[in-house]
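Colleague: So here's my_file_10.cif (mmCIF, C-alpha atoms).
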```cif
data_entry
loop_
_atom_site.label_atom_id
_atom_site.label_comp_id
_atom_site.auth_asym_id
_atom_site.auth_seq_id
_atom_site.Cartn_x
_atom_site.Cartn_y
_atom_site.Cartn_z
CA MET A 1 -5.72 -12.65 18.41
CA LEU A 2 -3.10 -13.10 15.72
CA ALA A 3 -0.71 -10.21 16.07
CA ASN A 4 1.46 -9.80 12.97
CA TYR A 5 4.53 -7.73 13.73
CA GLY A 6 6.82 -6.72 10.93
CA TYR A 7 6.59 -5.27 7.47
CA LYS A 8 6.48 -5.86 3.77
CA ASP A 9 8.92 -4.15 1.50
CA GLY A 10 10.26 -4.57 -2.02
CA SER A 11 12.27 -7.65 -1.00
CA GLY A 12 9.53 -9.64 0.71
CA ASP A 13 7.30 -10.18 3.75
CA TYR A 14 8.88 -10.21 7.18
CA PHE A 15 6.28 -10.88 9.83
CA ILE A 16 6.43 -12.64 13.19
CA THR A 17 2.97 -13.75 14.25
CA ILE A 18 2.12 -14.16 17.92
CA ASP A 19 -1.13 -15.94 18.72
CA THR A 20 -2.14 -14.08 21.87
CA ASP A 21 -4.84 -16.64 22.67
CA ARG A 22 -2.06 -19.20 23.11
CA CYS A 23 0.61 -16.94 24.60
CA ASN A 24 0.60 -16.99 28.40
CA GLY A 25 3.30 -14.36 28.81
CA CYS A 26 5.81 -16.86 30.26
CA GLY A 27 8.75 -15.08 28.64
CA ASP A 28 10.58 -18.20 27.38
CA CYS A 29 10.87 -16.56 23.94
CA VAL A 30 12.53 -13.52 25.48
CA ALA A 31 15.24 -15.72 26.98
CA ALA A 32 15.62 -17.82 23.82
CA CYS A 33 16.04 -15.03 21.28
CA PRO A 34 19.67 -13.98 20.75
CA SER A 35 18.57 -10.65 19.21
CA GLU A 36 16.18 -9.59 21.98
CA VAL A 37 13.29 -9.35 19.54
CA PHE A 38 10.61 -10.20 22.11
CA GLU A 39 9.42 -8.59 25.28
CA VAL A 40 6.60 -9.40 27.68
CA LEU A 41 4.12 -6.66 28.58
CA ASP A 42 1.69 -6.74 31.51
CA GLU A 43 -1.17 -5.80 29.23
CA ASP A 44 -1.77 -6.45 25.55
CA PRO A 45 -1.52 -3.01 23.90
CA ASN A 46 -3.95 -4.10 21.20
CA ASP A 47 -6.49 -5.58 23.59
CA PRO A 48 -6.70 -2.98 26.37
CA LEU A 49 -9.63 -4.52 28.20
CA ARG A 50 -7.71 -7.75 28.89
CA ASP A 51 -5.28 -7.57 31.82
CA GLU A 52 -2.95 -10.49 31.18
CA PRO A 53 0.74 -10.54 30.30
CA VAL A 54 1.58 -11.20 26.69
CA ALA A 55 4.68 -11.37 24.49
CA VAL A 56 5.11 -8.76 21.77
CA VAL A 57 7.82 -7.90 19.27
CA ALA A 58 9.76 -4.95 20.68
CA ALA A 59 8.93 -1.64 19.01
CA ASP A 60 12.52 -0.93 18.05
CA LYS A 61 12.85 -4.35 16.36
CA LYS A 62 9.73 -4.72 14.29
CA LYS A 63 10.93 -2.57 11.40
CA LYS A 64 14.17 -4.54 10.97
CA LEU A 65 13.15 -8.14 11.55
CA LYS A 66 14.80 -9.29 8.33
CA TYR A 67 18.16 -8.35 9.81
CA GLU A 68 17.50 -9.10 13.48
CA CYS A 69 16.42 -12.65 12.67
CA SER A 70 19.07 -13.37 10.04
CA ALA A 71 21.46 -15.01 12.52
CA CYS A 72 18.92 -17.81 13.13
CA LYS A 73 18.09 -18.20 9.43
CA PRO A 74 21.04 -19.50 7.45
CA VAL A 75 20.30 -20.07 3.77
CA SER A 76 20.85 -23.82 3.94
CA ASP A 77 20.40 -26.37 6.75
CA ARG A 78 18.27 -24.02 8.77
CA PRO A 79 17.94 -25.32 12.35
CA PRO A 80 14.62 -24.90 14.20
CA LEU A 81 14.15 -21.29 15.27
CA PRO A 82 14.98 -20.82 18.99
CA CYS A 83 11.88 -18.69 19.64
CA VAL A 84 9.52 -21.18 17.99
CA GLU A 85 11.20 -24.09 19.82
CA ALA A 86 11.09 -22.31 23.16
CA CYS A 87 7.39 -21.50 22.99
CA LYS A 88 5.62 -24.51 24.52
CA ALA A 89 2.27 -23.05 23.68
CA GLY A 90 3.15 -22.90 19.97
CA ALA A 91 2.19 -19.25 19.75
CA ILE A 92 5.03 -17.98 17.55
CA SER A 93 5.42 -18.32 13.78
CA HIS A 94 7.49 -16.59 11.12
CA SER A 95 6.35 -15.68 7.62
CA TRP A 96 9.73 -16.12 5.95
CA MET B 1 9.76 38.83 -11.59
CA ALA B 2 6.16 37.73 -11.47
CA GLU B 3 5.13 36.38 -8.15
CA GLU B 4 4.47 32.68 -8.36
CA LYS B 5 1.14 31.66 -6.95
CA GLN B 6 1.54 28.78 -4.57
CA GLU B 7 -1.47 26.52 -4.65
CA GLU B 8 -1.90 23.77 -2.14
CA PHE B 9 -3.34 20.88 -4.06
CA TRP B 10 -2.76 18.46 -1.18
CA ARG B 11 -5.08 20.40 1.12
CA TRP B 12 -8.35 18.79 2.17
CA THR B 13 -11.16 20.39 4.12
CA GLU B 14 -10.98 20.40 7.88
CA SER B 15 -14.33 19.98 9.58
CA ASN B 16 -16.18 19.73 12.85
CA TRP B 17 -19.65 18.52 13.69
CA ARG B 18 -21.94 18.37 16.67
CA ASN B 19 -24.94 16.20 17.25
CA PRO B 20 -27.95 18.54 17.50
CA ASP B 21 -30.19 15.84 19.01
CA LEU B 22 -27.98 14.93 21.92
CA ASN B 23 -28.29 16.69 25.25
CA TRP B 24 -25.06 16.28 27.12
CA THR B 25 -26.14 17.91 30.37
CA ASN B 26 -27.89 14.76 31.56
CA GLY B 27 -25.03 12.50 30.50
CA ARG B 28 -23.39 10.26 33.02
CA PHE B 29 -20.01 9.95 31.37
CA ILE B 30 -18.53 12.41 28.91
CA THR B 31 -15.48 10.86 27.33
CA ALA B 32 -13.06 11.94 24.65
CA GLY B 33 -10.83 10.19 22.15
CA ILE B 34 -8.02 12.05 20.43
CA ASP B 35 -6.28 10.49 17.47
CA VAL B 36 -3.10 12.32 16.54
CA GLY B 37 -1.97 10.81 13.28
CA SER B 38 1.02 11.63 11.14
CA VAL B 39 -1.05 13.74 8.75
CA SER B 40 -4.42 14.39 10.41
CA SER B 41 -5.75 14.68 13.97
CA GLN B 42 -9.27 13.98 15.18
CA ALA B 43 -11.05 14.54 18.45
CA VAL B 44 -14.32 12.81 19.30
CA VAL B 45 -16.40 13.70 22.34
CA MET B 46 -18.98 11.17 23.49
CA VAL B 47 -21.82 11.21 25.95
CA ASP B 48 -22.55 7.74 27.31
CA GLY B 49 -21.20 6.07 24.18
CA GLN B 50 -22.95 8.35 21.65
CA ILE B 51 -21.05 10.82 19.50
CA LEU B 52 -21.71 14.37 20.69
CA ALA B 53 -19.15 16.19 18.59
CA TYR B 54 -16.05 15.63 16.53
CA SER B 55 -13.37 17.48 14.65
CA ASN B 56 -10.98 16.52 11.88
CA MET B 57 -7.90 18.66 11.29
CA ARG B 58 -4.44 18.56 9.88
CA THR B 59 -1.65 17.62 12.29
CA GLY B 60 0.80 20.44 12.74
CA SER B 61 4.47 20.22 13.55
CA ASP B 62 3.64 20.25 17.26
CA SER B 63 1.69 17.16 18.35
CA PRO B 64 0.51 18.44 21.77
CA ASN B 65 -0.85 21.55 20.07
CA SER B 66 -2.53 19.50 17.35
CA ALA B 67 -4.29 17.52 20.07
CA ARG B 68 -5.35 20.68 21.90
CA ASN B 69 -6.58 22.33 18.71
CA ALA B 70 -8.55 19.26 17.65
CA LEU B 71 -10.33 19.05 21.01
CA LYS B 72 -10.99 22.79 21.06
CA TYR B 73 -12.41 22.64 17.53
CA ALA B 74 -14.65 19.70 18.44
CA LEU B 75 -15.96 21.50 21.52
CA GLU B 76 -16.58 24.75 19.59
CA GLY B 77 -19.98 26.15 20.48
CA LEU B 78 -20.48 23.68 23.31
CA GLU B 79 -20.33 24.85 26.88
CA ILE B 80 -18.31 21.85 27.95
CA GLY B 81 -15.10 22.62 29.80
CA GLU B 82 -12.25 20.15 29.53
CA ASP B 83 -12.70 19.41 33.23
CA ARG B 84 -16.14 17.99 32.48
CA ILE B 85 -14.54 15.21 30.41
CA ALA B 86 -14.39 12.19 32.66
CA TYR B 87 -11.79 10.28 30.73
CA CYS B 88 -9.70 11.03 27.67
CA ILE B 89 -7.74 8.51 25.63
CA GLY B 90 -5.01 9.32 23.15
CA THR B 91 -4.33 7.15 20.14
CA GLY B 92 -2.51 7.27 16.84
CA TYR B 93 1.08 7.79 15.89
CA GLY B 94 1.42 10.80 18.19
CA ARG B 95 -0.58 9.35 21.09
CA VAL B 96 2.21 9.81 23.62
CA ASN B 97 2.04 13.53 22.88
CA VAL B 98 -1.60 14.10 23.84
CA PRO B 99 -1.28 16.25 26.99
CA MET B 100 -4.87 15.85 28.23
CA ALA B 101 -4.98 12.07 27.77
CA ASP B 102 -5.46 9.94 30.86
CA ARG B 103 -3.99 6.98 29.02
CA THR B 104 -3.10 5.81 25.54
CA ILE B 105 -4.34 2.87 23.49
CA THR B 106 -2.86 1.62 20.22
CA GLU B 107 -4.55 2.67 16.99
CA ILE B 108 -5.06 -0.99 16.10
CA ALA B 109 -7.48 -1.54 18.97
CA CYS B 110 -9.12 1.88 18.48
CA HIS B 111 -9.72 1.51 14.75
CA ALA B 112 -11.37 -1.88 15.12
CA ARG B 113 -13.62 -0.56 17.87
CA GLY B 114 -14.34 2.65 15.97
CA ALA B 115 -15.16 0.87 12.70
CA ASN B 116 -17.48 -1.43 14.63
CA PHE B 117 -19.34 1.70 15.76
CA ILE B 118 -19.45 3.76 12.56
CA TYR B 119 -20.00 0.84 10.16
CA GLY B 120 -21.92 -1.47 12.47
CA PRO B 121 -21.19 -4.79 14.16
CA ALA B 122 -21.23 -6.83 10.92
CA VAL B 123 -17.77 -5.53 10.04
CA ARG B 124 -15.11 -8.26 10.08
CA THR B 125 -12.27 -6.61 8.20
CA VAL B 126 -11.08 -3.07 8.75
CA LEU B 127 -8.63 -1.50 6.35
CA ASP B 128 -7.19 1.75 7.58
CA VAL B 129 -5.19 3.70 5.06
CA GLY B 130 -3.75 6.54 7.05
CA GLY B 131 -1.29 9.29 6.37
CA GLN B 132 1.82 7.16 6.65
CA ASP B 133 0.80 3.61 7.36
CA ILE B 134 -1.61 0.90 6.38
CA LYS B 135 -3.39 -1.31 8.89
CA VAL B 136 -5.41 -4.39 8.10
CA ILE B 137 -7.46 -5.67 11.03
CA GLN B 138 -9.92 -8.49 11.47
CA CYS B 139 -12.35 -8.16 14.33
CA ASP B 140 -15.34 -9.85 15.91
CA GLU B 141 -18.88 -8.52 16.34
CA ARG B 142 -17.82 -6.47 19.36
CA GLY B 143 -14.97 -4.78 17.54
CA LYS B 144 -12.33 -6.83 19.33
CA VAL B 145 -9.22 -7.45 17.23
CA THR B 146 -8.70 -11.06 16.14
CA ASN B 147 -5.93 -10.61 13.58
CA PHE B 148 -3.97 -7.59 12.48
CA LEU B 149 -0.98 -6.27 10.68
CA MET B 150 0.37 -2.78 10.37
CA ASN B 151 2.89 -1.68 7.81
CA ASP B 152 4.53 1.46 9.10
CA LYS B 153 7.96 0.90 7.65
CA CYS B 154 7.15 2.16 4.18
CA ALA B 155 4.68 4.90 3.25
CA ALA B 156 3.98 3.55 -0.25
CA GLY B 157 0.27 3.50 -0.95
CA THR B 158 -0.67 5.82 1.91
CA GLY B 159 -2.42 9.17 2.19
CA ARG B 160 0.67 11.29 2.26
CA GLY B 161 1.84 9.62 -0.95
CA MET B 162 -1.43 10.66 -2.57
CA GLU B 163 -0.99 14.23 -1.35
CA VAL B 164 2.48 14.39 -2.87
CA PHE B 165 1.05 13.11 -6.15
CA ALA B 166 -1.82 15.58 -6.15
CA ASP B 167 0.68 18.38 -5.70
CA LEU B 168 2.91 17.08 -8.47
CA LEU B 169 0.07 16.88 -10.97
CA GLY B 170 -1.71 20.03 -9.80
CA VAL B 171 -4.95 18.21 -9.09
CA PRO B 172 -6.75 18.91 -5.79
CA VAL B 173 -6.38 15.76 -3.69
CA THR B 174 -10.14 15.56 -3.21
CA GLU B 175 -10.67 15.34 -6.99
CA VAL B 176 -8.02 12.72 -7.71
CA GLY B 177 -10.47 9.81 -7.40
CA GLU B 178 -13.06 11.13 -9.83
CA ARG B 179 -10.56 12.35 -12.40
CA SER B 180 -8.65 9.07 -12.40
CA PHE B 181 -11.69 7.47 -14.08
CA ARG B 182 -11.75 9.95 -16.95
CA VAL B 183 -9.57 7.78 -19.14
CA LYS B 184 -10.44 6.03 -22.41
CA GLU B 185 -8.56 2.94 -21.41
CA GLU B 186 -7.31 1.92 -17.98
CA PRO B 187 -3.50 2.15 -18.05
CA SER B 188 -1.30 -0.36 -16.26
CA ALA B 189 -0.06 0.59 -12.81
CA VAL B 190 3.11 2.64 -12.40
CA SER B 191 5.83 0.06 -11.83
CA SER B 192 7.26 1.53 -8.66
CA ILE B 193 5.30 1.59 -5.43
CA CYS B 194 7.78 3.89 -3.69
CA VAL B 195 6.38 7.44 -3.50
CA VAL B 196 9.68 8.99 -4.54
CA TYR B 197 10.24 6.69 -7.53
CA ALA B 198 6.60 6.77 -8.56
CA LYS B 199 6.83 10.53 -8.63
CA SER B 200 9.76 10.53 -11.03
CA GLU B 201 8.06 7.82 -13.10
CA ALA B 202 4.97 10.03 -13.36
CA THR B 203 7.05 12.97 -14.54
CA GLY B 204 8.46 10.73 -17.26
CA LEU B 205 4.98 9.55 -18.30
CA LEU B 206 3.74 13.14 -18.61
CA ARG B 207 6.70 13.93 -20.81
CA LYS B 208 5.83 10.93 -22.96
CA GLY B 209 2.45 12.50 -23.61
CA TRP B 210 0.20 10.76 -21.07
CA THR B 211 -2.69 12.87 -19.83
CA THR B 212 -2.89 13.87 -16.18
CA GLU B 213 -5.90 11.58 -15.80
CA GLU B 214 -4.00 8.61 -17.20
CA VAL B 215 -1.12 9.18 -14.79
CA LEU B 216 -3.61 9.47 -11.90
CA ALA B 217 -5.24 6.22 -12.97
CA ALA B 218 -1.87 4.47 -13.16
CA TYR B 219 -0.91 5.71 -9.71
CA CYS B 220 -4.27 4.89 -8.12
CA ARG B 221 -3.96 1.39 -9.55
CA ALA B 222 -0.44 1.00 -8.14
CA MET B 223 -1.70 2.07 -4.70
CA ALA B 224 -4.62 -0.34 -4.91
CA GLU B 225 -2.28 -3.21 -5.79
CA ARG B 226 0.06 -2.28 -2.99
CA ILE B 227 -2.78 -2.14 -0.44
CA HIS B 228 -4.17 -5.42 -1.77
CA SER B 229 -0.87 -7.20 -1.17
CA LEU B 230 -1.21 -6.32 2.52
CA VAL B 231 -4.91 -7.14 2.72
CA GLU B 232 -4.17 -10.59 1.29
CA ARG B 233 -1.96 -11.48 4.23
CA VAL B 234 -4.77 -11.03 6.78
CA GLY B 235 -7.72 -11.81 4.50
CA ALA B 236 -10.76 -9.81 3.39
CA THR B 237 -13.75 -11.26 5.18
CA PRO B 238 -16.99 -9.31 4.57
CA GLU B 239 -18.15 -6.90 5.69
CA PHE B 240 -15.13 -4.98 4.58
CA ALA B 241 -14.85 -1.47 6.01
CA VAL B 242 -12.34 1.17 5.06
CA THR B 243 -11.31 3.93 7.45
CA GLY B 244 -8.88 6.82 7.14
CA GLY B 245 -8.66 9.52 4.54
CA MET B 246 -8.06 7.17 1.64
CA ALA B 247 -11.58 5.78 2.05
CA LYS B 248 -12.69 9.05 0.43
CA ASN B 249 -10.64 8.38 -2.69
CA ARG B 250 -12.76 6.37 -5.11
CA GLY B 251 -9.86 6.11 -7.53
CA VAL B 252 -7.95 3.84 -5.18
CA MET B 253 -10.87 2.21 -3.36
CA ASP B 254 -12.95 1.17 -6.38
CA ARG B 255 -9.87 -0.32 -7.99
CA LEU B 256 -8.95 -2.11 -4.74
CA MET B 257 -12.42 -3.56 -4.21
CA ASN B 258 -12.42 -4.65 -7.83
CA ILE B 259 -9.21 -6.63 -7.23
CA ILE B 260 -10.54 -8.12 -3.98
CA GLY B 261 -13.87 -8.89 -5.61
CA ILE B 262 -16.27 -7.74 -2.86
CA GLU B 263 -18.18 -4.56 -2.10
CA ARG B 264 -17.05 -2.33 0.71
CA ALA B 265 -19.36 -1.33 3.54
CA ARG B 266 -20.89 2.17 3.54
CA THR B 267 -21.26 4.69 6.32
CA GLY B 268 -22.57 8.21 6.73
CA TRP B 269 -19.84 9.07 9.23
CA ASP B 270 -16.55 10.69 8.35
CA THR B 271 -14.19 7.72 7.83
CA GLN B 272 -11.27 9.64 9.30
CA ILE B 273 -12.71 9.73 12.82
CA ALA B 274 -12.74 5.93 13.36
CA GLY B 275 -9.64 5.87 15.56
CA ALA B 276 -10.84 8.70 17.78
CA VAL B 277 -14.31 7.13 18.02
CA GLY B 278 -12.68 3.88 19.19
CA ALA B 279 -10.63 5.76 21.77
CA ALA B 280 -13.71 7.56 23.13
CA LEU B 281 -15.57 4.24 23.30
CA PHE B 282 -12.74 2.62 25.24
CA ALA B 283 -12.79 5.61 27.59
CA HIS B 284 -16.51 5.03 28.10
CA ALA B 285 -15.98 1.30 28.69
CA LEU B 286 -13.27 2.03 31.27
CA CYS B 287 -15.52 4.56 33.03
CA ARG B 288 -18.28 1.97 33.24
CA GLN B 289 -15.85 -0.55 34.69
CA GLY B 290 -14.92 2.00 37.32
CA LYS B 291 -11.40 2.32 35.94
CA GLY B 292 -11.96 5.79 34.53
CA GLY B 293 -13.93 8.82 35.59
CA LYS B 294 -11.28 9.85 38.04
CA LYS B 295 -12.02 13.51 37.48
CA GLY B 296 -14.60 13.61 40.20
CA LEU B 297 -17.81 12.83 38.36
CA ASP B 298 -19.96 10.91 40.77
CA PRO B 299 -21.42 7.97 38.90
CA ARG B 300 -25.15 7.90 39.29
#
```
Rewrite the structure from the file as structure tokens, please.

Modeller:
Amino acid sequence: MLANYGYKDGSGDYFITIDTDRCNGCGDCVAACPSEVFEVLDEDPNDPLRDEPVAVVAADKKKKLKYECSACKPVSDRPPLPCVEACKAGAISHSW
Amino acid sequence: MAEEKQEEFWRWTESNWRNPDLNWTNGRFITAGIDVGSVSSQAVVMVDGQILAYSNMRTGSDSPNSARNALKYALEGLEIGEDRIAYCIGTGYGRVNVPMADRTITEIACHARGANFIYGPAVRTVLDVGGQDIKVIQCDERGKVTNFLMNDKCAAGTGRGMEVFADLLGVPVTEVGERSFRVKEEPSAVSSICVVYAKSEATGLLRKGWTTEEVLAAYCRAMAERIHSLVERVGATPEFAVTGGMAKNRGVMDRLMNIIGIERARTGWDTQIAGAVGAALFAHALCRQGKGGKKGLDPR
């Protein structure tokens, strides 16, 4: 499942997509993110019949991703995003 | 001073229904799903995965009470006590405030499952336009979510926005759709998608001499464009089903489907109950897996 967390407002689209078929709930993204955007839950809230851990974007972060993620997104010479780098399964992507 | 008559143009009809052909007394599992949304609340009671009764009401200021009232209204005229309900699942924005719920499930999962039931298994895209948020979900033939997004940061293009507009223009919210087509020429959309700014823009348009119908058309178009921008992100694979109260507004939906370029699926069920239907179905699935039914109903 592609879980798109975030929002769209007048200034643009700010979504972090987690591919839950690839995510194994290892938690490497949680450790890598300086803004504590991710958390690992024991059960996917959007797939209640599957009992496996999965990473999600924390509820208190998903409405302000533009600001939470800004530290990792300088306007020029943007380095690879720590969360995307940390995820060996390649489950995380950003829309902006 | 003459007393001003306060009319409630935003008000829509609350309803309940029971299935006359279903005999619940022989049922193995009676389950319930309660969807407490930001604007409306629904309760669906199922017997072995078939809808026995449902209700659709406005959410009050007290979520636990809204949940209780919705369930009571659904069970009206049925001799079912709440203790006979094997498993109850709460969903929706106020799901943590459903006192009788045995557990909660997100509205994303419930809407996909519910749309799969009320529209049929051919549904691949579910658009839910609720009171304060918009969800776009793709699902498989079993109603399992494969891709979703939910925009709950901004209420532009949602049901509550439409209620505010109906009130502003003095048009009953249930008539907005029809009346928005009574225009000689389709106007362009209001430029602002924000409910607050769109409202002041509409006031300006009326002053400029636009008819109420033209303003409604311009607003419906703006909402359709706003919803489309979210649908685009996930994709609109047929069959395309719409749930939530906005599915009943042809003014927005016909314009939206026109932009997308496909027909939307049809159903005889109330589109607002999809979330609660999904919740009741999950409750049934959990009972069958032996994870529910803890209220002492011996499984036969």

Colleague: Restricting the calculation to all atoms listed in the file: of A:Cys23, A:Ile18, A:Val56, A:Ala32, which residue gets closest to Cys72 (chain A)?

Modeller: A:Ala32

Colleague: Kindly assemble as a Markdown table a list of the chain B residues that lie within 6 Å of chain A, each paired with its nearest atom pair and their distance in Å to one decimal, using only C-alpha atoms, sorted first by chain and then by ascending residue number.

Modeller:
```
| residue | atom | partner | partner_atom | distance |
| --- | --- | --- | --- | --- |
| B:Thr106 | CA | A:Asn46 | CA | 5.9 |
| B:Ala109 | CA | A:Asn46 | CA | 4.9 |
| B:Thr146 | CA | A:Met1 | CA | 4.1 |
| B:Asn147 | CA | A:Leu2 | CA | 4.3 |
| B:Phe148 | CA | A:Ala3 | CA | 5.5 |
| B:Leu149 | CA | A:Asn4 | CA | 4.9 |
| B:Asn151 | CA | A:Tyr7 | CA | 5.2 |
| B:Lys153 | CA | A:Lys63 | CA | 5.9 |
```

Colleague: Which residues are close to Gly27 (chain A), i.e. within 12 Å by all atoms listed in the file, leaving aside same-chain residues fewer than 6 positions away? Reply as a list in words.

Modeller: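 In the requested form, the answer reads Cys33, Glu36, Val37, Phe38, Glu39, Val40, Leu41, Asp42, Pro53, Val54, Ala55, Val56, Val57, Cys83, Ala86, Cys87, Lys88, Ala89 and Ala91 of chain A.
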
Colleague: So the first atom is CA of Gly25 (chain A) and the second is CA of Ala58 (chain A); what is the distance between them in Å, to one decimal place?

Modeller: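 Separation of CA of Gly25 (chain A) and CA of Ala58 (chain A): 14.0 Å.
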
Colleague: With only C-alpha atoms as the basis for distance, which of B:Ile34, B:Ala53, B:Ala279, B:Ala122 is at the shortest distance from Pro99 (chain B)?

Modeller: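 Residue with the minimum atom-to-atom distance to Pro99 (chain B): B:Ile34.
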
Colleague: Taking the file as I've supplied it (selection: the PyMOL selection byres ((chain B and resi 163) around 9)), which residues are included? Please answer as a PyMOL selection string.

Modeller: chain B and resi 9-11+159-162+164-168+172-173

Colleague: Got a sec to check which residues sit within 8 Å of (-23.4, 10.7, 17.3), counting all atoms listed in the file, and write them as a ChimeraX atom specification?

Modeller: /B:18-19,22,46,50-53

Colleague: Translate the PyMOL selection byres ((chain B and resi 230) around 10) into a concrete residue list for this structure, as JSON, numbers by chain.

Modeller: {"A": [7, 8, 13], "B": [127, 134, 135, 136, 149, 150, 151, 225, 226, 227, 228, 229, 231, 232, 233, 234, 235]}

Colleague: Please provide as number ranges by chain all residues within 12 Å of Ala202 (chain B), with the sequence filter that same-chain residues fewer than 2 positions apart are discarded (counting only C-alpha atoms).

Modeller: B: 164-166, 168-169, 189-200, 204-220, 222

Colleague: Taking the file as I've supplied it (selection: the PyMOL selection byres ((chain B and resi 76) around 10)), which residues are included? Please answer as a list in words.

Modeller: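 Matching residues under the PyMOL selection byres ((chain B and resi 76) around 10) are Asn16, Trp17, Arg18, Ala53, Tyr54, Ser55, Ala70, Leu71, Lys72, Tyr73, Ala74, Leu75, Gly77, Leu78, Glu79 and Ile80 of chain B.
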
Colleague: CA of Arg179 (chain B) and CA of Gly275 (chain B), how far apart in Å?

Modeller: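 If I compute the distance from CA of Gly275 (chain B) to CA of Arg179 (chain B), I get 28.7 Å.
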
Colleague: Using only C-alpha atoms, which protein or nucleic acid residues come within 10 Å of Pro121 (chain B)? Drop anything in the same chain fewer than 3 positions from it, and give the result as a PyMOL selection string.

Modeller: chain B and resi 113+115-118+124+139-143+239

Colleague: Dump as an MDAnalysis selection string all residues having an atom at most 12 Å from (-13.2, 6.9, -3.2), computed in the file's coordinates with only C-alpha atoms.

Modeller: chainID B and resid 129 173:181 220 224 242:257 264 266 271

Colleague: Tell me, in Å to one decimal, how far CA of Gln132 (chain B) is from CA of Ser35 (chain A).

Modeller: 27.5 Å

Colleague: How would region 38-53 of chain B look with N, CA and C atoms restored, written as a CSV table (one decimal), in the coordinates of the input?

Modeller:
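Output file selection.csv is given in full below:
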```
chain,number,residue,atom,x,y,z
B,38,SER,N,-0.1,11.0,11.7
B,38,SER,CA,1.0,11.6,11.1
B,38,SER,C,0.6,12.8,10.2
B,39,VAL,N,-0.6,12.7,9.7
B,39,VAL,CA,-1.0,13.7,8.8
B,39,VAL,C,-2.3,14.5,9.3
B,40,SER,N,-3.2,13.7,9.9
B,40,SER,CA,-4.4,14.4,10.4
B,40,SER,C,-4.7,14.0,11.9
B,41,SER,N,-5.4,14.9,12.6
B,41,SER,CA,-5.8,14.7,14.0
B,41,SER,C,-7.3,14.8,14.1
B,42,GLN,N,-7.8,13.9,14.9
B,42,GLN,CA,-9.3,14.0,15.2
B,42,GLN,C,-9.5,13.9,16.7
B,43,ALA,N,-10.6,14.6,17.1
B,43,ALA,CA,-11.0,14.5,18.4
B,43,ALA,C,-12.5,14.2,18.4
B,44,VAL,N,-12.9,13.2,19.2
B,44,VAL,CA,-14.3,12.8,19.3
B,44,VAL,C,-14.8,12.9,20.8
B,45,VAL,N,-15.9,13.6,21.0
B,45,VAL,CA,-16.4,13.7,22.3
B,45,VAL,C,-17.7,12.9,22.4
B,46,MET,N,-17.8,12.0,23.4
B,46,MET,CA,-19.0,11.2,23.5
B,46,MET,C,-19.7,11.4,24.8
B,47,VAL,N,-21.0,11.2,24.7
B,47,VAL,CA,-21.8,11.2,26.0
B,47,VAL,C,-22.4,9.8,26.1
B,48,ASP,N,-22.0,9.1,27.1
B,48,ASP,CA,-22.6,7.7,27.3
B,48,ASP,C,-22.5,6.9,26.0
B,49,GLY,N,-21.4,6.9,25.3
B,49,GLY,CA,-21.2,6.1,24.2
B,49,GLY,C,-21.9,6.6,22.9
B,50,GLN,N,-22.4,7.8,22.9
B,50,GLN,CA,-23.0,8.4,21.6
B,50,GLN,C,-22.1,9.6,21.3
B,51,ILE,N,-21.9,9.7,19.9
B,51,ILE,CA,-21.0,10.8,19.5
B,51,ILE,C,-21.8,12.2,19.7
B,52,LEU,N,-21.1,13.0,20.5
B,52,LEU,CA,-21.7,14.4,20.7
B,52,LEU,C,-21.1,15.4,19.7
B,53,ALA,N,-19.8,15.3,19.5
B,53,ALA,CA,-19.2,16.2,18.6
B,53,ALA,C,-17.8,15.6,18.1
```
